[in-house]
$ cat upload-v3.tsv   # TSV, C-alpha atoms
chain	number	residue	atom	x	y	z
A	1	ASP	CA	-35.22	-34.77	37.55
A	2	LEU	CA	-32.01	-36.77	38.18
A	3	SER	CA	-32.28	-38.79	34.97
A	4	ASP	CA	-32.60	-35.58	32.92
A	5	LEU	CA	-29.46	-34.16	34.54
A	6	LYS	CA	-27.51	-37.32	33.77
A	7	GLU	CA	-28.59	-37.13	30.13
A	8	ARG	CA	-27.73	-33.40	29.86
A	9	TYR	CA	-24.24	-33.75	31.35
A	10	ARG	CA	-23.34	-37.05	29.71
A	11	PRO	CA	-19.68	-37.27	28.52
A	12	GLY	CA	-19.42	-36.03	24.91
A	13	ASN	CA	-22.07	-33.31	25.29
A	14	VAL	CA	-20.99	-29.66	25.00
A	15	CYS	CA	-22.46	-26.29	26.01
A	16	ARG	CA	-23.64	-23.91	23.34
A	17	LEU	CA	-22.25	-20.38	23.87
A	18	LYS	CA	-25.08	-17.84	23.71
A	19	LYS	CA	-22.99	-14.71	24.38
A	20	SER	CA	-19.31	-13.80	24.33
A	21	LEU	CA	-17.42	-14.40	27.58
A	22	TYR	CA	-14.70	-12.18	29.00
A	23	GLY	CA	-11.29	-13.73	28.39
A	24	LEU	CA	-12.04	-15.50	25.11
A	25	LYS	CA	-9.83	-14.51	22.19
A	26	GLN	CA	-12.90	-13.38	20.20
A	27	ALA	CA	-14.22	-11.21	23.06
A	28	PRO	CA	-12.34	-7.96	22.23
A	29	ARG	CA	-13.64	-7.93	18.65
A	30	VAL	CA	-17.19	-8.79	19.74
A	31	TRP	CA	-17.07	-5.93	22.26
A	32	PHE	CA	-15.69	-3.49	19.66
A	33	ASN	CA	-18.40	-4.36	17.14
A	34	LEU	CA	-21.09	-3.96	19.82
A	35	PHE	CA	-19.76	-0.56	20.90
A	36	LYS	CA	-19.40	0.53	17.26
A	37	GLU	CA	-23.04	-0.26	16.57
A	38	ASP	CA	-24.15	1.69	19.65
A	39	LEU	CA	-22.06	4.68	18.55
A	40	LYS	CA	-23.87	4.66	15.22
A	41	LYS	CA	-27.14	5.11	17.11
A	42	ILE	CA	-25.88	8.45	18.43
A	43	LYS	CA	-24.67	9.54	14.98
A	44	PHE	CA	-20.94	8.72	15.36
A	45	GLU	CA	-19.06	7.65	12.23
A	46	ALA	CA	-15.84	5.63	12.20
A	47	VAL	CA	-12.82	7.32	10.64
A	48	GLU	CA	-11.71	5.00	7.85
A	49	ALA	CA	-7.99	5.66	8.32
A	50	ALA	CA	-8.16	4.94	12.07
A	51	GLU	CA	-10.81	2.38	13.03
A	52	CYS	CA	-10.72	3.21	16.74
A	53	LEU	CA	-11.41	6.92	16.10
A	54	PHE	CA	-15.02	8.11	15.74
A	55	VAL	CA	-16.47	11.53	14.95
A	56	VAL	CA	-19.86	13.21	15.01
A	57	ARG	CA	-20.25	16.54	13.21
A	58	SER	CA	-22.91	19.24	13.24
A	59	LYS	CA	-23.21	22.93	12.42
A	60	TRP	CA	-22.26	23.70	16.05
A	61	GLY	CA	-19.01	21.73	16.01
A	62	SER	CA	-17.47	18.25	16.17
A	63	VAL	CA	-16.91	15.61	18.82
A	64	PHE	CA	-14.09	13.05	18.50
A	65	LEU	CA	-14.07	9.76	20.40
A	66	LEU	CA	-10.92	7.66	20.71
A	67	LEU	CA	-11.47	4.10	21.95
A	68	TYR	CA	-8.95	1.61	23.32
A	69	VAL	CA	-10.76	-1.53	24.54
A	70	ASP	CA	-12.95	0.12	27.23
A	71	ASP	CA	-10.94	3.32	27.77
A	72	ILE	CA	-12.27	6.42	26.02
A	73	ILE	CA	-11.01	9.94	25.38
A	74	LEU	CA	-13.50	12.55	24.16
A	75	MET	CA	-12.47	15.78	22.41
A	76	SER	CA	-14.74	18.51	21.10
A	77	THR	CA	-14.83	21.98	19.62
A	78	ASN	CA	-18.09	22.61	21.51
A	79	LEU	CA	-18.45	22.01	25.25
A	80	ASN	CA	-22.24	21.60	25.14
A	81	MET	CA	-21.97	18.91	22.45
A	82	LEU	CA	-19.37	17.12	24.58
A	83	ILE	CA	-21.68	17.10	27.61
A	84	GLN	CA	-24.57	15.78	25.50
A	85	VAL	CA	-22.44	12.93	24.12
A	86	LYS	CA	-21.29	12.01	27.65
A	87	CYS	CA	-24.90	11.83	28.86
A	88	ARG	CA	-25.99	9.63	25.95
A	89	LEU	CA	-23.04	7.27	26.45
A	90	MET	CA	-23.80	6.95	30.16
A	91	LYS	CA	-27.34	5.91	29.32
A	92	LEU	CA	-25.97	3.10	27.16
A	93	TYR	CA	-23.19	1.91	29.50
A	94	LYS	CA	-22.10	2.15	33.10
A	95	MET	CA	-19.23	4.65	32.89
A	96	THR	CA	-16.98	6.78	35.09
A	97	ASP	CA	-16.32	10.37	34.04
A	98	LYS	CA	-12.78	11.29	35.12
A	99	GLY	CA	-12.96	14.89	33.91
A	100	LYS	CA	-10.18	16.51	31.91
A	101	ALA	CA	-7.74	14.02	30.42
A	102	LYS	CA	-4.65	13.75	32.61
A	103	TYR	CA	-3.67	10.09	32.19
A	104	PHE	CA	-4.40	7.62	29.41
A	105	LEU	CA	-2.88	4.15	28.91
A	106	GLY	CA	0.25	4.95	30.88
A	107	VAL	CA	0.72	8.36	29.24
A	108	GLU	CA	0.52	11.52	31.36
A	109	ILE	CA	-1.22	14.43	29.59
A	110	ASN	CA	-0.54	18.02	30.60
A	111	ILE	CA	-2.35	20.85	28.81
A	112	LEU	CA	-1.00	24.41	29.15
A	113	ARG	CA	-3.83	26.16	27.32
A	114	GLU	CA	-2.54	29.72	27.77
A	115	LYS	CA	0.77	28.76	26.15
A	116	GLY	CA	-0.80	26.56	23.49
A	117	ILE	CA	1.23	23.54	24.62
A	118	LEU	CA	0.30	19.90	25.26
A	119	THR	CA	2.89	17.54	26.71
A	120	LEU	CA	2.91	13.74	26.77
A	121	SER	CA	5.15	11.96	29.26
A	122	GLN	CA	5.51	8.64	31.08
A	123	GLU	CA	7.37	9.60	34.24
A	124	GLY	CA	5.24	7.37	36.45
A	125	TYR	CA	5.69	4.43	34.08
A	126	ILE	CA	9.48	4.91	34.06
A	127	LYS	CA	9.60	5.04	37.87
A	128	GLN	CA	7.66	1.77	38.06
A	129	LEU	CA	10.00	0.30	35.46
A	130	LEU	CA	13.13	1.24	37.42
A	131	ALA	CA	11.63	-0.12	40.65
A	132	ARG	CA	10.49	-3.36	39.01
A	133	PHE	CA	13.96	-4.11	37.63
A	134	GLN	CA	15.81	-2.79	40.71
A	135	MET	CA	17.51	0.09	38.89
A	136	GLU	CA	16.31	2.94	41.13
A	137	ASP	CA	19.82	3.68	42.43
A	138	CYS	CA	21.69	3.16	39.16
A	139	ARG	CA	24.18	5.67	37.75
A	140	GLU	CA	22.75	7.96	35.07
A	141	VAL	CA	24.15	8.16	31.53
A	142	SER	CA	23.56	10.75	28.79
A	143	SER	CA	22.67	8.43	25.87
A	144	PRO	CA	20.88	5.06	25.58
A	145	ARG	CA	23.58	3.35	23.50
A	146	LEU	CA	27.36	3.66	23.16
A	147	GLN	CA	28.76	4.66	19.77
A	148	ASP	CA	31.10	1.67	20.02
A	149	THR	CA	28.60	-1.15	20.56
A	150	ASN	CA	31.35	-3.64	21.48
A	151	GLU	CA	31.80	-2.45	25.05
A	152	LYS	CA	35.19	-3.25	26.55
A	153	GLY	CA	35.42	-5.70	29.43
A	154	ILE	CA	32.12	-7.43	28.66
A	155	GLU	CA	32.16	-11.10	27.75
A	156	HIS	CA	29.66	-12.17	25.11
A	157	GLN	CA	28.35	-15.15	27.04
A	158	LYS	CA	24.85	-16.53	26.76
A	159	LEU	CA	22.54	-15.67	29.65
A	160	ASP	CA	20.95	-18.33	31.85
A	161	SER	CA	17.20	-18.97	31.46
A	162	GLN	CA	16.23	-16.73	34.40
A	163	LYS	CA	18.16	-13.74	33.05
A	164	GLN	CA	16.83	-14.39	29.55
A	165	GLU	CA	13.27	-14.02	30.89
A	166	LEU	CA	14.29	-10.83	32.70
A	167	TYR	CA	15.88	-9.47	29.50
A	168	ARG	CA	12.69	-10.11	27.50
A	169	ALA	CA	10.56	-8.45	30.18
A	170	ILE	CA	12.76	-5.33	30.12
A	171	VAL	CA	12.70	-5.13	26.30
A	172	GLY	CA	8.92	-5.56	26.18
A	173	SER	CA	8.45	-2.74	28.71
A	174	LEU	CA	10.86	-0.47	26.83
A	175	LEU	CA	9.11	-1.11	23.50
A	176	TYR	CA	5.88	0.32	24.90
A	177	LEU	CA	7.75	3.40	26.09
A	178	SER	CA	9.70	3.96	22.86
A	179	THR	CA	6.59	3.84	20.66
A	180	ARG	CA	4.49	6.20	22.81
A	181	THR	CA	6.48	9.19	24.03
A	182	ARG	CA	10.21	8.49	23.75
A	183	PRO	CA	11.51	8.46	20.17
A	184	ASP	CA	14.99	9.19	21.56
A	185	ILE	CA	15.37	5.58	22.80
A	186	ALA	CA	13.65	3.89	19.82
A	187	GLU	CA	16.90	2.96	18.02
A	188	ALA	CA	18.53	1.46	21.12
A	189	VAL	CA	15.37	-0.48	22.03
A	190	GLY	CA	15.06	-1.72	18.44
A	191	VAL	CA	18.59	-3.15	18.58
A	192	ALA	CA	17.86	-4.80	21.95
A	193	ALA	CA	14.65	-6.34	20.57
A	194	ARG	CA	16.65	-8.14	17.86
A	195	ARG	CA	18.46	-10.15	20.54
A	196	VAL	CA	15.52	-11.55	22.52
A	197	GLU	CA	16.01	-15.07	21.13
A	198	ASN	CA	19.54	-15.60	22.46
A	199	PRO	CA	20.63	-12.57	24.51
A	200	THR	CA	24.19	-12.35	25.81
A	201	THR	CA	25.80	-10.57	28.74
A	202	ALA	CA	26.66	-7.69	26.39
A	203	ASP	CA	22.98	-7.38	25.36
A	204	PHE	CA	21.91	-7.38	29.01
A	205	SER	CA	24.37	-4.60	29.71
A	206	GLY	CA	22.84	-2.72	26.76
A	207	VAL	CA	19.27	-2.74	28.14
A	208	LYS	CA	20.55	-1.74	31.58
A	209	ARG	CA	22.20	1.27	29.92
A	210	ILE	CA	18.84	2.29	28.43
A	211	LEU	CA	17.31	2.15	31.92
A	212	ARG	CA	20.21	4.24	33.25
A	213	CYS	CA	19.54	6.80	30.54
A	214	LEU	CA	15.84	6.86	31.44
A	215	LYS	CA	16.59	7.47	35.10
A	216	GLY	CA	18.14	10.82	34.28
A	217	THR	CA	15.43	11.79	31.79
A	218	LYS	CA	12.27	10.31	33.36
A	219	SER	CA	10.54	13.72	33.52
A	220	MET	CA	11.19	14.41	29.82
A	221	ALA	CA	8.02	14.92	27.78
A	222	LEU	CA	7.05	15.01	24.11
A	223	VAL	CA	5.97	18.61	23.45
A	224	LEU	CA	3.16	19.46	21.02
A	225	LYS	CA	2.91	23.20	20.30
A	226	ARG	CA	0.12	25.18	18.73
A	227	SER	CA	1.37	26.88	15.58
A	228	SER	CA	1.20	30.67	15.34
A	229	THR	CA	0.34	30.37	11.63
A	230	HIS	CA	-2.74	28.14	11.34
A	231	ASN	CA	-2.36	26.92	7.75
A	232	ARG	CA	1.39	26.50	7.97
A	233	GLY	CA	1.02	24.63	11.23
A	234	LEU	CA	-1.01	21.83	9.62
A	235	GLU	CA	1.54	20.96	6.96
A	236	LEU	CA	3.19	17.56	7.18
A	237	HIS	CA	6.90	17.11	6.59
A	238	GLY	CA	9.32	14.32	7.37
A	239	TYR	CA	12.93	13.24	7.76
A	240	SER	CA	14.24	9.92	6.45
A	241	ASP	CA	17.61	8.33	7.21
A	242	ALA	CA	19.42	4.98	7.16
A	243	ASN	CA	22.50	3.52	8.81
A	244	TRP	CA	24.16	1.41	6.12
A	245	ALA	CA	25.20	-2.12	7.20
A	246	GLY	CA	24.79	-1.13	10.83
A	247	ASP	CA	24.16	-4.69	12.07
A	248	ARG	CA	27.55	-6.36	12.42
A	249	MET	CA	26.04	-9.85	12.38
A	250	ASP	CA	24.24	-9.83	9.00
A	251	ARG	CA	25.26	-6.37	7.65
A	252	LYS	CA	21.66	-5.25	7.21
A	253	SER	CA	20.86	-1.55	7.55
A	254	THR	CA	18.56	0.34	9.91
A	255	SER	CA	15.82	2.66	8.61
A	256	GLY	CA	14.53	5.58	10.61
A	257	PHE	CA	12.03	8.36	10.04
A	258	ILE	CA	10.40	11.24	11.86
A	259	ILE	CA	7.20	12.92	10.64
A	260	LYS	CA	6.08	16.31	11.93
A	261	LEU	CA	2.82	18.20	11.75
A	262	GLY	CA	4.04	21.77	11.85
A	263	ALA	CA	6.67	21.80	14.61
A	264	CYS	CA	5.24	18.75	16.40
A	265	THR	CA	6.62	15.23	16.08
A	266	VAL	CA	3.61	12.97	15.47
A	267	SER	CA	5.12	9.75	14.10
A	268	TRP	CA	8.49	7.97	14.18
A	269	ARG	CA	9.98	4.55	13.57
A	270	SER	CA	13.30	2.77	13.78
A	271	THR	CA	13.41	-0.60	12.03
A	272	LYS	CA	15.89	-3.06	10.61
A	273	GLN	CA	15.72	-3.53	6.85
A	274	LYS	CA	14.72	-6.97	5.55
A	275	VAL	CA	17.38	-7.24	2.83
A	276	VAL	CA	21.06	-6.31	2.58
A	277	ALA	CA	21.76	-2.98	0.85
A	278	THR	CA	24.87	-2.86	-1.36
A	279	SER	CA	25.50	0.88	-0.83
A	280	THR	CA	24.58	3.83	1.36
A	281	SER	CA	22.34	5.22	-1.40
A	282	GLU	CA	20.50	1.91	-1.67
A	283	ALA	CA	19.92	1.76	2.10
A	284	GLU	CA	18.58	5.34	2.05
A	285	TYR	CA	16.33	4.54	-0.93
A	286	MET	CA	14.83	1.54	0.85
A	287	ALA	CA	14.33	3.64	4.01
A	288	LEU	CA	12.15	6.05	2.01
A	289	PHE	CA	9.65	3.21	1.50
A	290	GLU	CA	8.82	3.20	5.23
A	291	ILE	CA	8.20	6.93	5.55
A	292	SER	CA	6.22	6.98	2.28
A	293	LYS	CA	3.66	4.48	3.62
A	294	GLU	CA	3.23	6.46	6.83
A	295	ILE	CA	2.81	9.75	4.99
A	296	VAL	CA	0.09	8.31	2.73
A	297	TRP	CA	-1.79	7.11	5.82
A	298	LEU	CA	-1.40	10.41	7.69
A	299	ARG	CA	-2.54	12.43	4.67
A	300	LYS	CA	-5.65	10.23	4.45
A	301	LEU	CA	-6.32	10.63	8.19
A	302	LEU	CA	-5.93	14.42	8.07
A	303	LYS	CA	-8.26	14.62	5.07
A	304	GLU	CA	-10.97	12.72	6.97
A	305	LEU	CA	-10.48	15.05	9.93
A	306	GLY	CA	-11.01	18.09	7.68
A	307	HIS	CA	-7.38	19.15	7.21
A	308	GLU	CA	-6.54	17.94	3.70
A	309	GLN	CA	-2.93	18.36	2.61
A	310	VAL	CA	-3.26	20.38	-0.59
A	311	SER	CA	0.47	20.53	-1.37
A	312	PRO	CA	3.01	17.68	-1.63
A	313	THR	CA	4.52	16.53	1.65
A	314	LYS	CA	8.22	17.42	1.93
A	315	VAL	CA	10.58	14.62	2.89
A	316	PHE	CA	14.10	15.67	3.83
A	317	GLU	CA	16.87	13.29	2.74
A	318	ASP	CA	20.63	13.64	3.21
A	319	ASN	CA	21.75	11.52	0.22
A	320	GLN	CA	21.81	13.22	-3.19
A	321	SER	CA	22.03	9.95	-5.16
A	322	CYS	CA	18.96	8.62	-3.41
A	323	ILE	CA	17.00	11.77	-4.35
A	324	ALA	CA	18.15	11.39	-7.96
A	325	TRP	CA	16.91	7.78	-8.06
A	326	THR	CA	13.35	8.93	-7.22
A	327	LYS	CA	13.41	11.01	-10.44
A	328	ASP	CA	15.13	8.48	-12.76
A	329	SER	CA	12.96	5.44	-13.45
A	330	HIS	CA	15.64	3.55	-15.43
A	331	HIS	CA	18.79	3.95	-13.38
A	332	ARG	CA	21.15	0.99	-13.83
A	333	ARG	CA	21.99	0.88	-10.11
A	334	THR	CA	18.33	0.35	-9.09
A	335	LYS	CA	17.45	-2.49	-11.48
A	336	HIS	CA	17.89	-5.20	-8.84
A	337	ILE	CA	15.92	-3.40	-6.10
A	338	ASP	CA	12.60	-4.98	-5.17
A	339	ILE	CA	9.52	-3.39	-6.78
A	340	LYS	CA	8.00	-2.28	-3.45
A	341	PHE	CA	10.91	0.09	-2.78
A	342	HIS	CA	10.00	2.10	-5.92
A	343	TYR	CA	6.77	3.12	-4.19
A	344	THR	CA	8.36	6.44	-3.17
A	345	ARG	CA	9.26	7.20	-6.78
A	346	ASP	CA	5.63	6.73	-7.84
A	347	LEU	CA	4.41	9.04	-5.05
A	348	ALA	CA	6.95	11.68	-6.07
A	349	THR	CA	5.77	11.41	-9.69
A	350	GLU	CA	2.14	11.77	-8.59
A	351	GLY	CA	2.96	14.87	-6.53
A	352	VAL	CA	2.02	13.30	-3.18
A	353	LEU	CA	5.46	13.97	-1.74
A	354	ILE	CA	8.58	15.85	-2.75
A	355	LEU	CA	12.18	15.01	-1.83
A	356	GLU	CA	14.48	17.77	-0.61
A	357	TYR	CA	18.14	17.60	0.35
A	358	CYS	CA	18.99	18.07	4.01
A	359	PRO	CA	22.62	18.18	5.27
A	360	THR	CA	23.54	15.32	7.59
A	361	GLU	CA	24.14	17.75	10.48
A	362	ARG	CA	20.45	18.76	10.37
A	363	MET	CA	19.04	15.26	9.76
A	364	GLU	CA	16.68	14.75	12.72
A	365	ALA	CA	16.05	11.08	11.85
A	366	ASP	CA	19.73	10.38	12.62
A	367	ILE	CA	18.67	9.71	16.21
A	368	LEU	CA	16.64	6.69	15.00
A	369	THR	CA	19.33	4.94	12.98
A	370	LYS	CA	22.57	4.89	14.95
A	371	PRO	CA	24.12	5.48	18.40
A	372	LEU	CA	25.23	9.11	18.82
A	373	GLY	CA	27.59	11.05	21.05
A	374	GLY	CA	26.15	12.91	24.01
A	375	VAL	CA	26.28	16.40	22.44
A	376	LYS	CA	24.62	15.45	19.13
A	377	PHE	CA	22.11	13.20	20.89
A	378	LYS	CA	21.01	16.09	23.12
A	379	ARG	CA	20.75	18.49	20.16
A	380	LEU	CA	18.57	16.11	18.15
A	381	LYS	CA	16.33	15.39	21.15
A	382	GLU	CA	15.59	19.10	21.36
A	383	ALA	CA	15.07	19.30	17.59
A	384	ILE	CA	12.37	16.62	17.60
A	385	GLY	CA	10.64	18.21	20.58
$ encode --input "upload-v3.tsv" --output "structure tokens"
Amino acid sequence: DLSDLKERYRPGNVCRLKKSLYGLKQAPRVWFNLFKEDLKKIKFEAVEAAECLFVVRSKWGSVFLLLYVDDIILMSTNLNMLIQVKCRLMKLYKMTDKGKAKYFLGVEINILREKGILTLSQEGYIKQLLARFQMEDCREVSSPRLQDTNEKGIEHQKLDSQKQELYRAIVGSLLYLSTRTRPDIAEAVGVAARRVENPTTADFSGVKRILRCLKGTKSMALVLKRSSTHNRGLELHGYSDANWAGDRMDRKSTSGFIIKLGACTVSWRSTKQKVVATSTSEAEYMALFEISKEIVWLRKLLKELGHEQVSPTKVFEDNQSCIAWTKDSHHRRTKHIDIKFHYTRDLATEGVLILEYCPTERMEADILTKPLGGVKFKRLKEAIG
């Protein structure tokens, strides 16, 4: 009926949405909630500390499911249980079984079962990166950032709009790489990310140096080793460091930490501090706040996975004054420090973590706070795996 159509599509009328559409900003959450409910039907429970991780347990073993949008990795201690879960999921959704995990979200996975080694790398991603930004034939360098950040012969001129867009694209691509498998470039990428608003020719030269460093190390992988001593191998420990007043523009410091599970690096971060520290000790004390939060989360996650940390987590620190401040609640030099930075002191008092002195030469988190010379940079890369 033509009159009915005219009434239905009259200006001012709207359509009522009956189901979520692909591309809407609410769609990812709607999909996640739907999938979560279906997982409950097959006895999966969400891990509270990591909402995208699910587990189903029985007397025969456990199956873990890691979800990222519509990409899934399944892990199990029992092959038969794994096969059963796959079959039940395929009844619920149209899926493709790609067999043993070899590639996930840009990360290449290589399992050497006989050696007890798992490696994570992004060689393919780096090759695409170099090709995309026309750096395939560039000259290789040994480190991602020069110790003297004011490179000679480079004028600090503002880039034109086209090069600014290119700079932001490079930094965005490098951020993904530095947070997945390449902690060795995290500090250099963090510095480059601070300049995305108004990058200069010197900044552009800096990101090109990171790409040159990646060209020579594109096959490098993060190595996760099985510990020979089971209980010892599941102990967390970390390294915390800070580069006092490292930013020459506003004199704010850079915090860096590395957390290991046994001999394996499992978490790292390099970040600029929000406030100015008035001393090296103060910068180190504020850096402890970042690693403390991550340790609390990892301890909670491990507990839910059945590997509770029964002893305090050791955090290695190379500043004796900073360690003393975590034990003295009324030190005159910490009165002005924001309350949140005393979080570490509370955790130390509660026995959640314990601070131990580590000489600067053995401070692995040094690689996340400042540019290093080629020899030390190589040594720390090997130390963090």
$ closest_residue --input "upload-v3.tsv" --among "A:Leu39, A:Val47, A:Ser142, A:Lys260" --to "Met90 in chain A" --atoms "all atoms listed in the file"
A:Leu39
$ residues_around --input "upload-v3.tsv" --residues "Ser321 in chain A" --least-positions-apart "4" --cutoff "12 Å" --atoms "all atoms listed in the file" --output "MDAnalysis selection string"
chainID A and resid 279:285 317 325:328 331 333:334 355:357
$ write_last_selection --input "upload-v3.tsv" --atoms "C-alpha atoms" --output "PDB file, keeping the file's coordinate frame"
ATOM      1  CA  SER A 279      25.500   0.880  -0.830  1.00  0.00           C
ATOM      2  CA  THR A 280      24.580   3.830   1.360  1.00  0.00           C
ATOM      3  CA  SER A 281      22.340   5.220  -1.400  1.00  0.00           C
ATOM      4  CA  GLU A 282      20.500   1.910  -1.670  1.00  0.00           C
ATOM      5  CA  ALA A 283      19.920   1.760   2.100  1.00  0.00           C
ATOM      6  CA  GLU A 284      18.580   5.340   2.050  1.00  0.00           C
ATOM      7  CA  TYR A 285      16.330   4.540  -0.930  1.00  0.00           C
ATOM      8  CA  GLU A 317      16.870  13.290   2.740  1.00  0.00           C
ATOM      9  CA  TRP A 325      16.910   7.780  -8.060  1.00  0.00           C
ATOM     10  CA  THR A 326      13.350   8.930  -7.220  1.00  0.00           C
ATOM     11  CA  LYS A 327      13.410  11.010 -10.440  1.00  0.00           C
ATOM     12  CA  ASP A 328      15.130   8.480 -12.760  1.00  0.00           C
ATOM     13  CA  HIS A 331      18.790   3.950 -13.380  1.00  0.00           C
ATOM     14  CA  ARG A 333      21.990   0.880 -10.110  1.00  0.00           C
ATOM     15  CA  THR A 334      18.330   0.350  -9.090  1.00  0.00           C
ATOM     16  CA  LEU A 355      12.180  15.010  -1.830  1.00  0.00           C
ATOM     17  CA  GLU A 356      14.480  17.770  -0.610  1.00  0.00           C
ATOM     18  CA  TYR A 357      18.140  17.600   0.350  1.00  0.00           C
TER      19      TYR A 357
END
$ closest_residue --input "upload-v3.tsv" --among "A:Ile83, A:Leu298, A:Asn243, A:Ile337" --to "Thr271 in chain A" --atoms "only C-alpha atoms"
A:Asn243
$ closest_residue --input "upload-v3.tsv" --among "A:Thr313, A:Asn110, A:Ser253, A:Gln320" --to "Val352 in chain A" --atoms "only C-alpha atoms"
A:Thr313
$ atom_distance --input "upload-v3.tsv" --atom1 "CA of Ser311 in chain A" --atom2 "CA of Leu380 in chain A"
27.0 Å
$ residues_around --input "upload-v3.tsv" --residues "Leu166 in chain A" --least-positions-apart "5" --cutoff "9 Å" --atoms "only C-alpha atoms" --output "PyMOL selection string"
chain A and resi 133+161+171
$ residues_around --input "upload-v3.tsv" --residues "Tyr125 in chain A" --least-positions-apart "6" --cutoff "9 Å" --atoms "all atoms listed in the file" --output "MDAnalysis selection string"
chainID A and resid 106:107 177 218
$ write_last_selection --input "upload-v3.tsv" --atoms "C-alpha atoms" --output "mmCIF file, keeping the file's coordinate frame"
data_model
loop_
_atom_site.group_PDB
_atom_site.id
_atom_site.type_symbol
_atom_site.label_atom_id
_atom_site.label_comp_id
_atom_site.auth_asym_id
_atom_site.auth_seq_id
_atom_site.Cartn_x
_atom_site.Cartn_y
_atom_site.Cartn_z
ATOM 1 C CA GLY A 106 0.250 4.950 30.880
ATOM 2 C CA VAL A 107 0.720 8.360 29.240
ATOM 3 C CA LEU A 177 7.750 3.400 26.090
ATOM 4 C CA LYS A 218 12.270 10.310 33.360
#
$ closest_residue --input "upload-v3.tsv" --among "A:Asp241, A:Asp38, A:Glu294, A:Glu235" --to "Pro312 in chain A" --atoms "only C-alpha atoms"
A:Glu235
